[in-house]
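File shown here: protein_25.cif, holding mmCIF, C-alpha atoms and all ligand atoms.
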```
data_target
#
loop_
_atom_site.label_atom_id
_atom_site.label_comp_id
_atom_site.auth_asym_id
_atom_site.auth_seq_id
_atom_site.Cartn_x
_atom_site.Cartn_y
_atom_site.Cartn_z
CA MET A 1 23.95 -4.76 -17.09
CA GLU A 2 20.77 -6.73 -17.69
CA ASN A 3 17.72 -4.64 -18.58
CA ARG A 4 15.79 -5.66 -15.50
CA GLU A 5 18.67 -4.78 -13.24
CA LYS A 6 19.06 -1.37 -14.88
CA GLU A 7 15.34 -0.69 -14.55
CA LEU A 8 15.17 -1.67 -10.87
CA LEU A 9 18.25 0.31 -9.92
CA GLU A 10 17.04 3.42 -11.73
CA ASN A 11 13.62 3.13 -10.13
CA ILE A 12 14.87 2.71 -6.59
CA ALA A 13 17.40 5.53 -7.02
CA ALA A 14 14.56 7.83 -8.10
CA VAL A 15 12.44 6.78 -5.12
CA ASN A 16 15.32 7.31 -2.69
CA LYS A 17 15.89 10.75 -4.17
CA ASP A 18 12.21 11.67 -3.81
CA ILE A 19 12.24 10.46 -0.20
CA ALA A 20 15.35 12.52 0.59
CA ASP A 21 13.76 15.58 -1.08
CA ALA A 22 10.53 15.19 0.84
CA VAL A 23 12.40 14.70 4.13
CA GLU A 24 14.42 17.85 3.52
CA LYS A 25 11.40 19.93 2.46
CA ALA A 26 9.55 18.81 5.56
CA GLY A 27 12.50 19.93 7.69
CA ARG A 28 13.01 16.44 9.05
CA LYS A 29 16.28 14.69 9.89
CA PRO A 30 18.05 13.02 6.95
CA GLY A 31 17.62 9.28 7.23
CA SER A 32 14.48 9.52 9.36
CA VAL A 33 12.37 7.66 6.78
CA THR A 34 13.02 4.04 5.84
CA LEU A 35 12.09 2.75 2.41
CA MET A 36 10.34 -0.60 2.44
CA ALA A 37 10.41 -2.15 -1.05
CA VAL A 38 7.09 -3.98 -1.40
CA SER A 39 8.03 -7.04 -3.43
CA LYS A 40 4.77 -9.03 -3.36
CA LEU A 41 4.09 -10.83 -6.65
CA HIS A 42 7.59 -10.03 -7.91
CA PRO A 43 10.32 -12.67 -8.13
CA ALA A 44 13.07 -13.35 -5.62
CA SER A 45 15.59 -12.45 -8.34
CA ASP A 46 14.35 -8.83 -8.24
CA ILE A 47 14.82 -8.74 -4.48
CA GLU A 48 18.35 -10.09 -4.82
CA ILE A 49 19.25 -7.37 -7.35
CA LEU A 50 18.01 -4.64 -5.03
CA PHE A 51 19.67 -6.19 -2.00
CA ARG A 52 23.03 -6.23 -3.81
CA ALA A 53 22.48 -2.51 -4.49
CA GLY A 54 22.02 -1.80 -0.78
CA GLN A 55 18.28 -2.12 -0.15
CA ARG A 56 17.63 -4.03 3.08
CA CYS A 57 13.96 -3.69 3.94
CA PHE A 58 11.36 -5.63 1.94
CA GLY A 59 7.63 -5.99 2.47
CA GLU A 60 5.45 -8.96 1.58
CA SER A 61 1.68 -9.45 1.77
CA TYR A 62 0.99 -13.11 1.09
CA MET A 63 1.98 -15.70 3.64
CA GLN A 64 2.99 -18.63 1.42
CA GLU A 65 4.72 -16.46 -1.13
CA SER A 66 6.66 -14.60 1.55
CA LEU A 67 7.87 -17.76 3.28
CA ALA A 68 8.94 -19.30 -0.04
CA LYS A 69 10.97 -16.18 -0.83
CA GLN A 70 12.53 -16.14 2.63
CA GLU A 71 13.71 -19.69 2.06
CA GLU A 72 15.02 -18.95 -1.41
CA LEU A 73 16.88 -15.86 -0.17
CA ALA A 74 18.00 -17.24 3.20
CA HIS A 75 21.63 -16.49 2.27
CA LEU A 76 20.86 -12.73 2.35
CA ASP A 77 20.40 -10.71 5.53
CA ILE A 78 17.09 -9.15 4.49
CA ASP A 79 14.81 -7.20 6.84
CA TRP A 80 11.47 -8.80 6.01
CA HIS A 81 8.22 -7.07 6.94
CA TYR A 82 4.76 -8.58 6.78
CA ILE A 83 2.15 -6.06 5.60
CA GLY A 84 -0.71 -8.22 4.33
CA GLY A 85 -4.01 -9.09 5.88
CA LEU A 86 -3.57 -11.93 8.35
CA GLN A 87 -6.18 -14.52 9.29
CA SER A 88 -5.77 -15.78 12.84
CA LYS A 89 -5.14 -19.34 11.71
CA LYS A 90 -2.08 -18.15 9.73
CA ALA A 91 -0.54 -16.29 12.68
CA LYS A 92 1.67 -19.19 13.72
CA TYR A 93 3.39 -19.24 10.31
CA VAL A 94 4.49 -15.60 10.35
CA SER A 95 5.27 -14.94 14.00
CA GLY A 96 9.01 -14.89 14.66
CA ARG A 97 9.89 -14.72 10.97
CA PHE A 98 9.57 -10.99 10.25
CA CYS A 99 11.26 -7.84 11.58
CA ALA A 100 7.76 -6.51 12.07
CA ILE A 101 4.19 -7.50 11.34
CA HIS A 102 2.31 -4.34 10.32
CA SER A 103 -1.22 -5.70 10.08
CA VAL A 104 -2.28 -6.54 13.64
CA ASP A 105 -5.93 -5.56 14.04
CA SER A 106 -7.40 -7.79 16.74
CA ILE A 107 -6.54 -9.09 20.17
CA LYS A 108 -7.15 -12.63 18.97
CA LEU A 109 -4.50 -12.26 16.28
CA ALA A 110 -2.11 -10.60 18.75
CA GLU A 111 -2.58 -13.45 21.24
CA LEU A 112 -1.80 -16.07 18.61
CA LEU A 113 1.29 -14.18 17.41
CA ASN A 114 2.40 -13.87 21.04
CA LYS A 115 1.88 -17.57 21.72
CA LYS A 116 4.02 -18.57 18.76
CA ALA A 117 6.73 -15.99 19.56
CA CYS A 118 6.76 -17.33 23.11
CA SER A 119 7.23 -20.91 21.95
CA LEU A 120 10.13 -19.75 19.76
CA GLY A 121 11.61 -17.74 22.63
CA VAL A 122 11.59 -14.48 20.64
CA VAL A 123 9.96 -11.06 20.85
CA GLN A 124 7.98 -10.16 17.74
CA ASN A 125 7.69 -6.49 16.73
CA ILE A 126 4.20 -5.53 15.65
CA LEU A 127 2.28 -2.49 14.45
CA ILE A 128 -1.43 -1.94 14.84
CA GLN A 129 -3.18 -1.39 11.51
CA VAL A 130 -5.72 1.40 11.88
CA ASN A 131 -8.65 1.88 9.54
CA THR A 132 -8.40 5.67 9.68
CA ALA A 133 -11.08 6.24 7.06
CA GLY A 134 -13.57 3.82 8.61
CA GLU A 135 -13.89 1.90 5.34
CA GLU A 136 -16.08 -1.12 5.83
CA GLN A 137 -14.33 -3.51 3.47
CA LYS A 138 -10.84 -2.77 4.79
CA SER A 139 -8.94 -4.50 7.54
CA GLY A 140 -7.60 -2.47 10.41
CA VAL A 141 -9.08 -1.54 13.74
CA ALA A 142 -11.31 1.50 14.18
CA GLU A 143 -9.59 4.48 15.81
CA GLU A 144 -11.82 4.28 18.90
CA GLN A 145 -10.69 0.70 19.50
CA VAL A 146 -6.98 1.42 19.42
CA PRO A 147 -6.59 2.29 23.13
CA ALA A 148 -8.23 -0.97 24.25
CA LEU A 149 -6.09 -2.99 21.86
CA ILE A 150 -2.89 -1.29 23.07
CA GLU A 151 -3.84 -2.07 26.65
CA GLN A 152 -4.44 -5.73 25.85
CA ILE A 153 -1.25 -6.06 23.83
CA ALA A 154 0.75 -4.57 26.71
CA SER A 155 0.15 -7.76 28.71
CA LEU A 156 1.60 -9.98 25.96
CA ASP A 157 5.27 -10.41 26.87
CA ASN A 158 6.49 -11.72 23.53
CA LEU A 159 5.10 -8.87 21.43
CA LYS A 160 6.60 -5.41 21.17
CA LEU A 161 4.32 -2.71 19.82
CA THR A 162 6.49 -0.36 17.76
CA GLY A 163 3.89 1.81 16.06
CA LEU A 164 0.83 2.26 13.90
CA MET A 165 0.15 1.51 10.26
CA ALA A 166 -2.52 2.77 7.87
CA LEU A 167 -3.64 2.12 4.33
CA PRO A 168 -5.89 5.07 3.48
CA PRO A 169 -8.35 5.03 0.59
CA PHE A 170 -6.89 5.54 -2.87
CA PHE A 171 -7.11 9.05 -4.30
CA GLY A 172 -6.00 10.12 -7.76
CA ASP A 173 -4.60 13.21 -6.06
CA PRO A 174 -2.24 12.27 -3.19
CA GLU A 175 -3.46 15.33 -1.26
CA GLY A 176 -6.66 13.37 -0.67
CA ALA A 177 -4.77 11.00 1.63
CA ARG A 178 -3.20 13.76 3.71
CA PRO A 179 -5.95 14.04 6.36
CA TYR A 180 -5.75 10.29 6.99
CA PHE A 181 -1.98 10.40 7.43
CA ALA A 182 -2.38 13.35 9.79
CA ARG A 183 -4.99 11.43 11.79
CA LEU A 184 -2.68 8.46 12.21
CA ARG A 185 0.10 10.73 13.45
CA MET A 186 -2.21 12.48 15.92
CA LEU A 187 -3.55 9.15 17.10
CA SER A 188 -0.03 7.89 17.67
CA GLU A 189 0.92 11.01 19.63
CA GLY A 190 -2.27 10.71 21.67
CA MET A 191 -1.52 7.07 22.53
CA GLU A 192 2.05 7.92 23.54
CA LYS A 193 0.71 10.50 25.99
CA LEU A 194 -2.15 8.36 27.27
CA PHE A 195 -0.02 5.31 28.00
CA GLY A 196 3.39 6.92 28.54
CA ILE A 197 4.88 4.72 25.83
CA LYS A 198 6.95 5.30 22.70
CA LEU A 199 5.50 4.44 19.31
CA PRO A 200 8.45 5.28 17.06
CA GLU A 201 7.10 3.83 13.81
CA LEU A 202 4.45 5.36 11.56
CA SER A 203 4.08 3.01 8.60
CA MET A 204 2.28 5.02 5.94
CA GLY A 205 2.65 6.12 2.32
CA MET A 206 2.82 4.07 -0.87
CA THR A 207 3.76 4.69 -4.53
CA GLY A 208 1.13 7.37 -5.14
CA ASP A 209 1.35 9.30 -1.91
CA PHE A 210 4.59 8.69 -0.03
CA ARG A 211 5.76 12.30 -0.31
CA VAL A 212 2.62 13.52 1.43
CA ALA A 213 2.97 10.76 4.03
CA ILE A 214 6.52 11.92 4.78
CA GLU A 215 5.29 15.50 5.23
CA GLU A 216 2.81 14.12 7.75
CA GLY A 217 5.43 12.23 9.75
CA SER A 218 5.79 8.78 8.16
CA THR A 219 8.88 6.86 9.32
CA MET A 220 8.45 3.97 6.91
CA VAL A 221 7.05 4.22 3.39
CA ARG A 222 5.90 1.06 1.63
CA VAL A 223 6.63 1.39 -2.09
CA GLY A 224 5.91 -1.36 -4.62
CA THR A 225 4.80 -0.27 -8.08
CA ARG A 226 7.22 2.62 -8.45
CA ILE A 227 10.16 0.26 -7.87
CA PHE A 228 9.04 -3.00 -9.47
CA GLY A 229 6.42 -1.90 -12.00
CA GLN A 230 2.88 -3.25 -12.21
CA ARG A 231 2.04 -6.45 -10.35
CA SER A 232 0.42 -9.20 -12.36
CA GLY A 233 -2.24 -11.21 -10.54
C1 LIG A 301 0.86 -3.57 -2.01
C2 LIG A 301 0.98 -2.72 -0.83
C3 LIG A 301 1.78 -1.56 -0.84
C4 LIG A 301 2.52 -1.06 -2.05
O1 LIG A 301 1.66 -0.41 -2.94
P1 LIG A 301 2.18 0.36 -4.24
O2 LIG A 301 1.06 1.25 -4.60
O3 LIG A 301 2.47 -0.68 -5.27
O4 LIG A 301 3.39 1.13 -3.86
C5 LIG A 301 1.88 -0.85 0.35
N1 LIG A 301 1.23 -1.22 1.47
C6 LIG A 301 0.45 -2.32 1.50
C7 LIG A 301 -0.24 -2.68 2.77
C8 LIG A 301 0.29 -3.09 0.36
O5 LIG A 301 -0.50 -4.16 0.41
#
```
Can you dump the structure from the file as structure tokens?
Amino acid sequence: MENREKELLENIAAVNKDIADAVEKAGRKPGSVTLMAVSKLHPASDIEILFRAGQRCFGESYMQESLAKQEELAHLDIDWHYIGGLQSKKAKYVSGRFCAIHSVDSIKLAELLNKKACSLGVVQNILIQVNTAGEEQKSGVAEEQVPALIEQIASLDNLKLTGLMALPPFFGDPEGARPYFARLRMLSEGMEKLFGIKLPELSMGMTGDFRVAIEEGSTMVRVGTRIFGQRSG
């Protein structure tokens, strides 16, 4: 086996084991957390290795890079997720091409995604990215604005809101992120009650803190570095 292949397979096996452990410790159902392998800035060949080993869900953050990889790997039935910041003018390039777009944070962006999905005759799954810590430099909508955004999105027929996503501040100690994960879960439960809808997905937890995120109810963890190693660039 090539070195890179060995490294990737060992890494993802260790992550899957940690996820299963955390799920069990939290008393949750086995298989209730999906691993998204965040492959941004790593080559398509790495994705292909992991796909052959059974990994299906991959996350990308950069529009051009993600579309180039989709083309290169079109022969594989990959579940692509878009998790990067998205300028409105780029919306038309991603809508209809991903299982879910996790970074919707404005009605303008939602409307443009909806328009493109409509012209393609598809329904695009989306998540609302919430800025749970109220960090100024970060994308994501403020918690108080989530109800209004959900209401507006509800009128867009070619979008399906499947859940909420958050990217809390980085803490050396993963416990630091716990309150933000808990807030996202409570917000999601509150919105389900308020609108009588289901928001099955909670996209939260990365390399440093996915165990804590799982304890707080994450259904999809987005893990890059622990699988692929450091990103260059
Ligand atoms: C890059 C990225 C990740 C993965 O981060 P790691 O710390 O490498 O696991 C997760 N979520 C988002 C939104 C990202 O941009």
Quiz item: Quick one: of A:Ile214, A:Ile197, A:Val221, A:Val141, who's nearest to Val23 of chain A, counting only C-alpha atoms?
Solution: A:Ile214
Practice problem: Mind giving me the straight-line distance from atom CA of Leu120 of chain A to atom CA of Ile150 of chain A in Å, one decimal? | Solution: 22.8 Å
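Near Leu9 of chain A, within 7 Å and counting all atoms listed in the file, sit Glu5, Ala13 and Leu50 of chain A; same-chain residues fewer than 4 positions away were not included.
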Practice problem: Please extract the residues at most 7 Å from ligand LIG 301 (chain A), counting all atoms listed in the file, and provide them as JSON, numbers by chain, using the chain letters and residue numbers of this document. | Solution: {"A": [38, 40, 61, 83, 84, 167, 206, 207, 208, 222, 223, 224, 225, 226]}
Self-check item: Contacts of Val146 of chain A at 12 Å (all atoms listed in the file; same-chain gap of 3+ positions) as a ChimeraX atom specification
Solution: /A:104-107,127-132,140-143,149-153,163-165,184,187-188,190-192,194-195
Practice problem: Anything within 7 Å of (7.6, -6.9, 19.4): list those residues as a list in words, counting only C-alpha atoms and sticking to the file's coordinates. | Solution: Val123, Gln124, Asn125, Ile126, Asn158, Leu159, Lys160, Leu161 and Thr162 of chain A
Same residues, C-alpha atoms, saved as a compact mmCIF listing (two decimals), keeping the file's coordinate frame:
```txt
# COMPACT_ATOMS: atom_id res chain seq x y z
CA VAL A 123 9.96 -11.06 20.85
CA GLN A 124 7.98 -10.16 17.74
CA ASN A 125 7.69 -6.49 16.73
CA ILE A 126 4.20 -5.53 15.65
CA ASN A 158 6.49 -11.72 23.53
CA LEU A 159 5.10 -8.87 21.43
CA LYS A 160 6.60 -5.41 21.17
CA LEU A 161 4.32 -2.71 19.82
CA THR A 162 6.49 -0.36 17.76
```
Self-check item: Surrounding residues of His42 of chain A excluding itself and chain neighbours under 5 positions, 10 Å, only C-alpha atoms, as a list in words
Solution: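 These residues fall inside the cut-off: Ile47, Glu60, Glu65, Lys69, Gly224, Phe228, Gly229, Gln230, Arg231 and Ser232 of chain A.
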Centre and edges of the segment 96-114 of chain A box, axis-aligned, 4 Å extra per side, as JSON:
```
{"center_x": 1.9, "center_y": -10.2, "center_z": 15.7, "size_x": 26.7, "size_y": 19.7, "size_z": 19.2}
```
Exercise. Quick one: pull the distance between atom CA of Ala177 of chain A and atom CA of Met36 of chain A, Å, one decimal.
Key: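 So the two atoms, atom CA of Ala177 of chain A and atom CA of Met36 of chain A, lie 19.1 Å apart.
Take the candidates A:Ala133, A:Lys115, A:Gly31, A:Arg183 and check each one against Leu156 of chain A using all atoms listed in the file; the shortest distance goes to A:Lys115.
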Quiz prompt | atom CA of Lys92 of chain A to atom CA of Ile78 of chain A, distance in Å rounded to a single decimal | solution = 20.6 Å
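Using all atoms listed in the file for every distance, the candidate list A:Val15, A:Ala182, A:Ala110, A:Leu199 yields A:Ala110 as the residue closest to Ser155 of chain A.
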Self-check item: Nearest to Lys17 of chain A, chosen from A:Val33, A:His102, A:Ala166, A:Asn114, with only C-alpha atoms counted in the distances
Solution: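 Between A:Val33, A:His102, A:Ala166, A:Asn114, the residue approaching Lys17 of chain A most closely is A:Val33.
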Practice problem: Determine, counting all atoms listed in the file, every residue of protein, DNA or RNA that lies within 10 Å of (6.2, -17.8, 4.3) in the file coordinates, then give the result as a ChimeraX atom specification. | Solution: /A:60-71,82,90,93-94,97-98
Self-check item: Residue nearest Ser103 of chain A among A:Ser203, A:Asn16, A:Glu135, A:Leu8 (counting only C-alpha atoms)
Solution: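 Of A:Ser203, A:Asn16, A:Glu135, A:Leu8, the one nearest Ser103 of chain A is A:Ser203, counting only C-alpha atoms.
Compared by their closest atoms to Ser88 of chain A, and using all atoms listed in the file, the residues A:Leu112, A:Ala213, A:Met204, A:Ala53 rank with A:Leu112 nearest.
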Mind dumping segment 112-155 of chain A from that block, keeping N, CA and C atoms, as an mmCIF file, in the first residue's frame?
```cif
data_model
loop_
_atom_site.group_PDB
_atom_site.id
_atom_site.type_symbol
_atom_site.label_atom_id
_atom_site.label_comp_id
_atom_site.auth_asym_id
_atom_site.auth_seq_id
_atom_site.Cartn_x
_atom_site.Cartn_y
_atom_site.Cartn_z
ATOM 1 N N LEU A 112 -31.153 33.664 -4.426
ATOM 2 C CA LEU A 112 -30.362 33.347 -5.618
ATOM 3 C C LEU A 112 -30.155 31.837 -5.773
ATOM 4 N N LEU A 113 -29.942 31.148 -4.651
ATOM 5 C CA LEU A 113 -29.826 29.680 -4.706
ATOM 6 C C LEU A 113 -31.134 29.073 -5.196
ATOM 7 N N ASN A 114 -32.249 29.626 -4.700
ATOM 8 C CA ASN A 114 -33.576 29.129 -5.070
ATOM 9 C C ASN A 114 -33.840 29.331 -6.567
ATOM 10 N N LYS A 115 -33.462 30.502 -7.048
ATOM 11 C CA LYS A 115 -33.690 30.837 -8.462
ATOM 12 C C LYS A 115 -32.959 29.847 -9.373
ATOM 13 N N LYS A 116 -31.707 29.575 -9.017
ATOM 14 C CA LYS A 116 -30.920 28.643 -9.835
ATOM 15 C C LYS A 116 -31.492 27.226 -9.732
ATOM 16 N N ALA A 117 -31.823 26.802 -8.507
ATOM 17 C CA ALA A 117 -32.392 25.457 -8.318
ATOM 18 C C ALA A 117 -33.677 25.322 -9.127
ATOM 19 N N CYS A 118 -34.465 26.386 -9.144
ATOM 20 C CA CYS A 118 -35.711 26.397 -9.895
ATOM 21 C C CYS A 118 -35.436 26.225 -11.383
ATOM 22 N N SER A 119 -34.442 26.936 -11.893
ATOM 23 C CA SER A 119 -34.159 26.846 -13.326
ATOM 24 C C SER A 119 -33.619 25.461 -13.683
ATOM 25 N N LEU A 120 -33.011 24.778 -12.712
ATOM 26 C CA LEU A 120 -32.524 23.417 -12.957
ATOM 27 C C LEU A 120 -33.618 22.375 -12.701
ATOM 28 N N GLY A 121 -34.716 22.811 -12.103
ATOM 29 C CA GLY A 121 -35.798 21.877 -11.774
ATOM 30 C C GLY A 121 -35.443 20.949 -10.627
ATOM 31 N N VAL A 122 -34.640 21.445 -9.665
ATOM 32 C CA VAL A 122 -34.263 20.604 -8.518
ATOM 33 C C VAL A 122 -34.595 21.323 -7.206
ATOM 34 N N VAL A 123 -34.574 20.550 -6.125
ATOM 35 C CA VAL A 123 -34.708 21.141 -4.791
ATOM 36 C C VAL A 123 -33.342 21.049 -4.114
ATOM 37 N N GLN A 124 -32.836 22.192 -3.683
ATOM 38 C CA GLN A 124 -31.517 22.239 -3.047
ATOM 39 C C GLN A 124 -31.670 22.229 -1.521
ATOM 40 N N ASN A 125 -31.015 21.265 -0.869
ATOM 41 C CA ASN A 125 -30.976 21.251 0.597
ATOM 42 C C ASN A 125 -30.025 22.341 1.097
ATOM 43 N N ILE A 126 -30.458 23.040 2.123
ATOM 44 C CA ILE A 126 -29.594 24.068 2.703
ATOM 45 C C ILE A 126 -29.637 24.000 4.235
ATOM 46 N N LEU A 127 -28.596 24.549 4.842
ATOM 47 C CA LEU A 127 -28.578 24.775 6.281
ATOM 48 C C LEU A 127 -28.319 26.259 6.508
ATOM 49 N N ILE A 128 -28.848 26.774 7.582
ATOM 50 C CA ILE A 128 -28.558 28.156 7.946
ATOM 51 C C ILE A 128 -27.324 28.160 8.837
ATOM 52 N N GLN A 129 -26.330 28.958 8.455
ATOM 53 C CA GLN A 129 -25.139 29.105 9.297
ATOM 54 C C GLN A 129 -25.398 30.183 10.338
ATOM 55 N N VAL A 130 -25.257 29.795 11.606
ATOM 56 C CA VAL A 130 -25.548 30.711 12.705
ATOM 57 C C VAL A 130 -24.247 31.130 13.380
ATOM 58 N N ASN A 131 -24.108 32.403 13.590
ATOM 59 C CA ASN A 131 -22.941 32.950 14.281
ATOM 60 C C ASN A 131 -23.255 32.953 15.785
ATOM 61 N N THR A 132 -23.126 31.773 16.402
ATOM 62 C CA THR A 132 -23.610 31.606 17.778
ATOM 63 C C THR A 132 -22.820 32.433 18.785
ATOM 64 N N ALA A 133 -21.587 32.782 18.432
ATOM 65 C CA ALA A 133 -20.768 33.533 19.388
ATOM 66 C C ALA A 133 -20.831 35.031 19.121
ATOM 67 N N GLY A 134 -21.571 35.438 18.089
ATOM 68 C CA GLY A 134 -21.663 36.848 17.756
ATOM 69 C C GLY A 134 -20.318 37.460 17.384
ATOM 70 N N GLU A 135 -19.468 36.675 16.726
ATOM 71 C CA GLU A 135 -18.157 37.194 16.319
ATOM 72 C C GLU A 135 -18.310 38.077 15.087
ATOM 73 N N GLU A 136 -17.748 39.263 15.175
ATOM 74 C CA GLU A 136 -17.965 40.238 14.108
ATOM 75 C C GLU A 136 -17.398 39.817 12.760
ATOM 76 N N GLN A 137 -16.213 39.216 12.783
ATOM 77 C CA GLN A 137 -15.548 38.928 11.502
ATOM 78 C C GLN A 137 -16.103 37.677 10.828
ATOM 79 N N LYS A 138 -16.946 36.920 11.548
ATOM 80 C CA LYS A 138 -17.385 35.638 10.987
ATOM 81 C C LYS A 138 -18.691 35.748 10.218
ATOM 82 N N SER A 139 -18.820 34.859 9.216
ATOM 83 C CA SER A 139 -20.096 34.814 8.523
ATOM 84 C C SER A 139 -21.090 34.055 9.399
ATOM 85 N N GLY A 140 -22.320 34.025 8.951
ATOM 86 C CA GLY A 140 -23.356 33.403 9.767
ATOM 87 C C GLY A 140 -24.305 34.474 10.247
ATOM 88 N N VAL A 141 -25.563 34.086 10.401
ATOM 89 C CA VAL A 141 -26.569 35.054 10.827
ATOM 90 C C VAL A 141 -26.662 35.044 12.357
ATOM 91 N N ALA A 142 -26.960 36.205 12.917
ATOM 92 C CA ALA A 142 -27.121 36.308 14.371
ATOM 93 C C ALA A 142 -28.316 35.470 14.810
ATOM 94 N N GLU A 143 -28.240 34.926 16.007
ATOM 95 C CA GLU A 143 -29.330 34.063 16.502
ATOM 96 C C GLU A 143 -30.699 34.733 16.386
ATOM 97 N N GLU A 144 -30.752 36.016 16.738
ATOM 98 C CA GLU A 144 -32.061 36.718 16.748
ATOM 99 C C GLU A 144 -32.675 36.783 15.347
ATOM 100 N N GLN A 145 -31.798 36.692 14.326
ATOM 101 C CA GLN A 145 -32.326 36.827 12.965
ATOM 102 C C GLN A 145 -32.752 35.504 12.338
ATOM 103 N N VAL A 146 -32.497 34.419 13.052
ATOM 104 C CA VAL A 146 -32.805 33.105 12.480
ATOM 105 C C VAL A 146 -34.308 32.917 12.208
ATOM 106 N N PRO A 147 -35.189 33.282 13.140
ATOM 107 C CA PRO A 147 -36.621 33.072 12.858
ATOM 108 C C PRO A 147 -37.086 33.780 11.584
ATOM 109 N N ALA A 148 -36.663 35.025 11.400
ATOM 110 C CA ALA A 148 -37.081 35.768 10.202
ATOM 111 C C ALA A 148 -36.557 35.093 8.940
ATOM 112 N N LEU A 149 -35.322 34.627 9.007
ATOM 113 C CA LEU A 149 -34.743 33.982 7.822
ATOM 114 C C LEU A 149 -35.477 32.672 7.507
ATOM 115 N N ILE A 150 -35.802 31.903 8.536
ATOM 116 C CA ILE A 150 -36.555 30.653 8.314
ATOM 117 C C ILE A 150 -37.896 30.955 7.650
ATOM 118 N N GLU A 151 -38.549 32.000 8.121
ATOM 119 C CA GLU A 151 -39.848 32.361 7.565
ATOM 120 C C GLU A 151 -39.734 32.730 6.087
ATOM 121 N N GLN A 152 -38.703 33.490 5.765
ATOM 122 C CA GLN A 152 -38.508 33.898 4.366
ATOM 123 C C GLN A 152 -38.153 32.701 3.485
ATOM 124 N N ILE A 153 -37.299 31.821 4.002
ATOM 125 C CA ILE A 153 -36.881 30.663 3.220
ATOM 126 C C ILE A 153 -38.075 29.728 2.954
ATOM 127 N N ALA A 154 -39.008 29.695 3.892
ATOM 128 C CA ALA A 154 -40.165 28.806 3.748
ATOM 129 C C ALA A 154 -40.952 29.089 2.472
ATOM 130 N N SER A 155 -40.871 30.320 1.967
ATOM 131 C CA SER A 155 -41.629 30.648 0.752
ATOM 132 C C SER A 155 -40.838 30.326 -0.525
#
```
